[in-house]
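J.: To start, I am sharing the structure in question, which I have written as structure tokens.
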Amino acid sequence: MNRKPLVGSANLPILVTLGLFIAMFALGSIAFRNFFSVQNFLNLFINEAYLLILAVGMTFVIISGGIDLSVGSMLGFFTMLLASLVEKSHMSPVLAIPLVLLVGTVMGFLMGYLIHEFKIPPFIVTLAGLYLARGLCYVVSIDTIAFKNKFFLAIASARIPVFWDSFLSVGAIIAIVVVLAGLFVARSTKYGRTVYAIGGNEQSAVLMGLPVARTKMAIYAVSGFCSALAGIVFTFFTLSGYALDGKGMELDTIATVVIGGTLLTGGVGNILGTMLGVLVYGTIQVLIVFQGTLNAWWTRIVIGFLVFVFVLMQRIFESARAARGAKQHPPQAPAVKAVSTAKGT
Amino acid sequence: MTARQRLSQSRILWSLVALACLLLFNLFFTPHFFRIEIREGHLYGNLIDILKNGAPIMLLAIGMTLVIATRGIDISVGSVVAISAGAVAVLLGGDLAGNPKYPIVVAMGAALLISTAAGMWNGMLVSRIGMQPIIATLILFVAGRGIAMVFTNAMVIWLYVKPFAILGQGYLFGLPFSIYIVLFMLIVTWLFTRRTSLGLFIEAVGINPKAARLSGINAKNILFWIYTFSGFCAGISGLIVCSTIMSADGNNAGNLFELDAILAVVLGGTSLNGGKFYLVGSMIGALIIQTLTTTIYAFGVPPEISQVVKALVVYAVCLMQSEEFRARVAGLFRRKAVAA
């Protein structure tokens, strides 16, 4: 019964994000020539492909009420691992890519295992994961490794025509597939609903008989998988493995998820909103590039500010909802209590 | 049995044992680890270096202990260190003759004021707006480094103002000057939390904020000032970092300090779930980390790889603190005993 207004006010932040994106794109189109074009819009997907992939994994983590701070350095580690496998061990990318994805999934799963089995707070497990993965980068190699593999270079430079002379990269296609898969999983699968239930109230989810343990570990395994996939897509851009790749990217990812309307307290969120959040992020970067005189560090400051605004907005929605809920359903609380005492006796 | 239980439950004891083990390891495997020389009236040696290099983390750990005691976390401290270092460097200026742009006291005061304001920002977000501490401080964790880079115009500023070097490189009565700053802060914080009821209030907020509020504790104000204090500690730490290397690099100053500080607090026996806190334990924790780092350096392992070791130590410590893990290990032993 409480469900309806909850979903309604949860959709509002997404509309705000959509409005923000349209406003920023319009601002750019008015202020700068050559800004408004289909290709410039598609470039957002091309340039932020890895961020989009990370953000989809992170959305599930945050919906479940957790957090994953390790994604940035995990991405860095996987660029190094892939580069080292392909260029130093001369492994075919056809074998190396699935191997990297497997390692990512296992590392994510192990973090999920520590979080669920031993009740260690997610942020401390993944914060240690952040340092672990970054340190492992240097274990793989201290130096940058450049890609020379022909097959790999061919994938990286492939241009897939879409319409009106515009094109997408392989990375962007992968990112869009990940978004669609995320949408499907969140909306139409048992797993997706369990993630929402855990974020809403983990204890209730357990009492409902949902597979909480399995799902929680799977969430972090999926996030690890996404980090690995994002790392692979990232190497399509840089064509190298570099130990500092993805430094600080964990906040960018969390920021885009928050801007997309996912509640940090868990239980509420939408993959579509996350995609809009990434597009807003990409537009800010393009605007700063077009503007030309601002230091690139301003992106960081603007993103920090946007996160602040959106979290503030969430708090206001939450307290408004709490106030409305208290007004609408005052007699419900004792009824629930009666049920629970009946169960107890 | 009870004496043994009390001993095994004493959190500080465990961190002392860990430190002793590390030192013992060095006694056997690192040559000249314990040698202390007197040069130009100062003490020199690995042990003195550990104290000196550990000072910035020890300062952060003082603030972080109180934050964690309220069941919070402050991951912005590394960025605040960068802000403080950047601010003081910009205000002193990179004049080659060593003439400061503004008086040293003014520059230091301004840097501390800015860091304290950063702490207030965190405190406001946590206490007034009610954000989760990790998210509230995450904002400054990233934006802070951007602010530091904008301060220094994304350049490394080198300082030549001689008197400023005392803070991080000077000696007093044969010991590094920074150690006295740490001692002063530690004693003041200890007196405020242990000789007044403030410490009790902090623990109450950490154990159960609602109950604390109902029993008349102004939890909001306590949270606000604790985060402010953490920002202040990070500010002092930033001054020492800047003075030690006589330069400010917005990108690298205070990098990874947040994990070291959290690790120091956790090693010192304060639980991440809030509640009881151990200031002296945190200091021992910081010394353990610094000894570990020095040991890793002494063995010629690249410093970047030391992150792997630290991360593994964090996992080990978290597992030891986890009741589920302890119960499982205890269960293993019990089963064995039954089988025997």
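In the structure tokens, each chain is lettered A, B, ... as it comes, each chain's residues begin at 1, and ligands are numbered from 1 in order of appearance.
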Considering only C-alpha atoms, give me a table of residues in chain B that are at most 7 Å from chain A, with the closest atom pair and distance in Å for each, as a Markdown table.
T.:
```
| residue | atom | partner | partner_atom | distance |
| --- | --- | --- | --- | --- |
| B:Ile139 | CA | A:Gly304 | CA | 5.1 |
| B:Val142 | CA | A:Arg300 | CA | 6.5 |
| B:Ala143 | CA | A:Ile301 | CA | 4.6 |
| B:Gly146 | CA | A:Trp297 | CA | 5.1 |
| B:Ile147 | CA | A:Ile301 | CA | 7.0 |
| B:Met149 | CA | A:Trp297 | CA | 6.9 |
| B:Glu304 | CA | A:Gly135 | CA | 5.8 |
| B:Ile305 | CA | A:Gly135 | CA | 4.9 |
| B:Gln307 | CA | A:Gly135 | CA | 5.0 |
| B:Val308 | CA | A:Leu132 | CA | 4.7 |
| B:Ala311 | CA | A:Ala128 | CA | 4.9 |
| B:Val314 | CA | A:Ala128 | CA | 6.5 |
| B:Cys318 | CA | A:Ile120 | CA | 6.7 |
| B:Ser322 | CA | A:Phe118 | CA | 5.9 |
| B:Glu324 | CA | A:Phe118 | CA | 5.2 |
| B:Phe325 | CA | A:Phe118 | CA | 5.7 |
```
J.: May I have the residues from that selection written out with C-alpha atoms, as a PDB file, in the first residue's frame?
T.:
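Printed below is again_16.pdb as written:
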```
ATOM      1  CA  ILE B 139      32.141  14.828  -1.972  1.00  0.00           C
ATOM      2  CA  VAL B 142      37.158  14.305  -4.872  1.00  0.00           C
ATOM      3  CA  ALA B 143      36.202  17.960  -5.043  1.00  0.00           C
ATOM      4  CA  GLY B 146      40.205  19.698  -7.401  1.00  0.00           C
ATOM      5  CA  ILE B 147      40.119  22.698  -5.034  1.00  0.00           C
ATOM      6  CA  MET B 149      44.698  21.971  -7.766  1.00  0.00           C
ATOM      7  CA  GLU B 304      53.544   1.040  -4.661  1.00  0.00           C
ATOM      8  CA  ILE B 305      53.381  -2.656  -3.865  1.00  0.00           C
ATOM      9  CA  GLN B 307      49.556  -0.991  -0.892  1.00  0.00           C
ATOM     10  CA  VAL B 308      48.896  -4.687  -1.448  1.00  0.00           C
ATOM     11  CA  ALA B 311      45.148  -3.897   1.990  1.00  0.00           C
ATOM     12  CA  VAL B 314      43.098  -4.295   6.571  1.00  0.00           C
ATOM     13  CA  CYS B 318      38.517  -6.600   9.775  1.00  0.00           C
ATOM     14  CA  SER B 322      34.180  -9.652  12.782  1.00  0.00           C
ATOM     15  CA  GLU B 324      30.950 -14.034  12.592  1.00  0.00           C
ATOM     16  CA  PHE B 325      34.541 -14.844  11.691  1.00  0.00           C
TER      17      PHE B 325
END
```
J.: Which neighbours of Tyr160 of chain B fall inside 10 Å, counting only C-alpha atoms, when residues of the same chain fewer than 3 positions from it are skipped, and could you give them as a ChimeraX atom specification?
T.: /B:92-100,157,163-165,246-247
J.: Store the residues of this selection in a file with C-alpha atoms, as a PDB file, in the first residue's frame.
T.:
```pdb
ATOM      1  CA  LEU B  92      54.027  31.764   1.500  1.00  0.00           C
ATOM      2  CA  GLY B  93      54.867  31.981  -2.201  1.00  0.00           C
ATOM      3  CA  GLY B  94      57.725  30.397  -4.082  1.00  0.00           C
ATOM      4  CA  ASP B  95      60.144  33.325  -3.642  1.00  0.00           C
ATOM      5  CA  LEU B  96      63.685  31.978  -4.198  1.00  0.00           C
ATOM      6  CA  ALA B  97      65.235  34.357  -1.637  1.00  0.00           C
ATOM      7  CA  GLY B  98      62.992  32.838   1.019  1.00  0.00           C
ATOM      8  CA  ASN B  99      60.936  35.938   1.797  1.00  0.00           C
ATOM      9  CA  PRO B 100      57.365  34.857   2.558  1.00  0.00           C
ATOM     10  CA  ILE B 157      54.974  24.971  -5.609  1.00  0.00           C
ATOM     11  CA  PRO B 163      61.677  29.055   9.294  1.00  0.00           C
ATOM     12  CA  PHE B 164      58.659  27.145   7.936  1.00  0.00           C
ATOM     13  CA  ALA B 165      60.847  24.027   7.613  1.00  0.00           C
ATOM     14  CA  MET B 246      58.995  22.091   1.352  1.00  0.00           C
ATOM     15  CA  SER B 247      56.610  21.843  -1.572  1.00  0.00           C
TER      16      SER B 247
END
```
J.: In Å, how far is it from atom CA of Val205 of chain B to atom CA of Ser79 of chain B?
T.: 26.3 Å
J.: Got a sec: who's within 8 Å of Ala118 of chain B, counting only C-alpha atoms, leaving out chain neighbours fewer than 2 positions off, as a VMD selection string?
T.: chain B and resid 80 114 to 116 120 to 122 140 228 231
J.: Using the chain letters and numbers from this document, which residues of segment 100-292 of chain B does DSSP assign to strand (DSSP E), as a list in words?
T.: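 Put together, the selection reads Ile157, Trp158, Tyr171, Leu172, Leu175, Pro176, Ser247 and Ala248 of chain B.
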J.: Using only C-alpha atoms, which residues sit within 12 Å of Thr253 of chain A once same-chain residues fewer than 3 positions away are excluded, as a short mmCIF file (atom, residue, chain, number, x, y, z; two decimals) with C-alpha atoms, in the first residue's frame?
T.:
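Output saved as selection-v9.cif:
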```cif
data_model
loop_
_atom_site.label_atom_id
_atom_site.label_comp_id
_atom_site.auth_asym_id
_atom_site.auth_seq_id
_atom_site.Cartn_x
_atom_site.Cartn_y
_atom_site.Cartn_z
CA GLU A 48 31.85 7.60 -21.52
CA ALA A 49 31.39 3.93 -22.52
CA TYR A 50 33.54 2.62 -19.65
CA LEU A 51 31.84 4.93 -17.14
CA LEU A 52 28.43 3.73 -18.32
CA ILE A 53 29.44 0.10 -17.77
CA LEU A 54 30.85 0.82 -14.30
CA ALA A 55 27.74 2.82 -13.42
CA VAL A 56 25.35 -0.02 -14.32
CA GLY A 57 27.23 -2.38 -11.98
CA MET A 58 27.35 0.31 -9.30
CA THR A 59 23.61 0.99 -9.60
CA VAL A 61 25.29 -2.29 -5.63
CA ILE A 62 23.78 0.99 -4.41
CA ILE A 67 28.76 0.69 -2.07
CA ASP A 68 31.72 -0.35 -4.19
CA LEU A 69 34.73 1.95 -3.93
CA SER A 70 37.05 -0.43 -5.73
CA VAL A 71 35.75 0.03 -9.30
CA GLY A 72 38.25 2.71 -10.36
CA LEU A 75 39.49 -0.88 -13.91
CA SER A 223 30.18 -5.15 -10.17
CA CYS A 226 31.52 -4.68 -14.95
CA SER A 227 34.88 -3.28 -13.73
CA ALA A 230 34.96 -1.39 -18.39
CA GLY A 246 40.85 4.96 -13.45
CA LYS A 247 42.26 6.92 -10.50
CA GLY A 248 39.36 8.51 -8.66
CA MET A 249 36.86 6.99 -11.09
CA GLU A 250 34.92 5.42 -8.21
CA THR A 256 26.61 9.55 -11.97
CA VAL A 257 24.50 6.94 -10.18
CA VAL A 258 23.40 9.50 -7.60
CA ILE A 259 22.69 12.12 -10.26
CA GLY A 260 20.61 9.43 -11.98
CA THR A 274 21.99 6.10 -14.29
CA MET A 275 22.42 6.35 -18.06
CA GLY A 277 23.50 10.65 -15.09
CA VAL A 278 26.41 9.47 -17.23
CA LEU A 279 25.17 11.62 -20.14
CA TYR A 281 28.57 13.91 -16.67
CA GLY A 282 29.77 13.57 -20.27
CA ILE A 303 30.67 16.94 -10.17
CA GLY A 304 31.21 17.22 -6.41
CA VAL A 307 26.37 15.22 -6.12
CA LEU B 138 33.21 11.47 -0.50
CA VAL B 142 37.16 14.31 -4.87
#
```
J.: What gap, in Å, lies between atom CA of Val185 of chain A and atom CA of Ser204 of chain A?
T.: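 A separation of 21.4 Å between them.
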J.: Using only C-alpha atoms, determine which residues lie at most 10 Å from Asp245 of chain A, disregarding the query and same-chain residues fewer than 6 positions distant; provide the list as a list in words.
T.: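 My list of contacting residues is Gly72, Ser73, Met74, Leu75, Gly76, Phe77, Phe78, Thr79, Met80, Arg134, Cys137, Gly231, Phe234, Thr235 and Thr238 of chain A.
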J.: Would you mind reading off the distance between atom CA of Met217 of chain A and atom CA of Leu183 of chain A, one decimal, in Å?
T.: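 Distance reported for this atom pair: 19.8 Å.
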J.: Skip Ile202 of chain B itself and residues of its chain fewer than 3 positions away, then list as a list in words all residues within 7 Å of it, counting only C-alpha atoms.
T.: Ala69, Thr70, Leu198, Gly199, Val205 and Gly206 of chain B
J.: Could you take the residues named above and write them with C-alpha atoms, as a JSON list (two decimals), in the first residue's frame?
T.:
```json
[["chain", "number", "residue", "atom", "x", "y", "z"],
["B", 69, "ALA", "CA", 33.73, 6.47, 17.54],
["B", 70, "THR", "CA", 30.52, 8.22, 16.41],
["B", 198, "LEU", "CA", 32.55, 14.65, 26.10],
["B", 199, "GLY", "CA", 34.15, 11.25, 25.49],
["B", 205, "VAL", "CA", 26.28, 8.77, 19.91],
["B", 206, "GLY", "CA", 28.28, 5.99, 18.30]]
```
J.: Can you tell me which residues surround Ser84 of chain B at a distance of at most 6 Å, considering only C-alpha atoms, apart from same-chain residues fewer than 4 positions away, and format the answer as a PyMOL selection string?
T.: chain B and resi 111+115+235+238
J.: Name the residues of segment 258-324 of chain B that come out as helix (DSSP H, G or I) in a backbone DSSP run; write them as a PyMOL selection string.
T.: chain B and resi 258-267+279-298+303-321+323-324
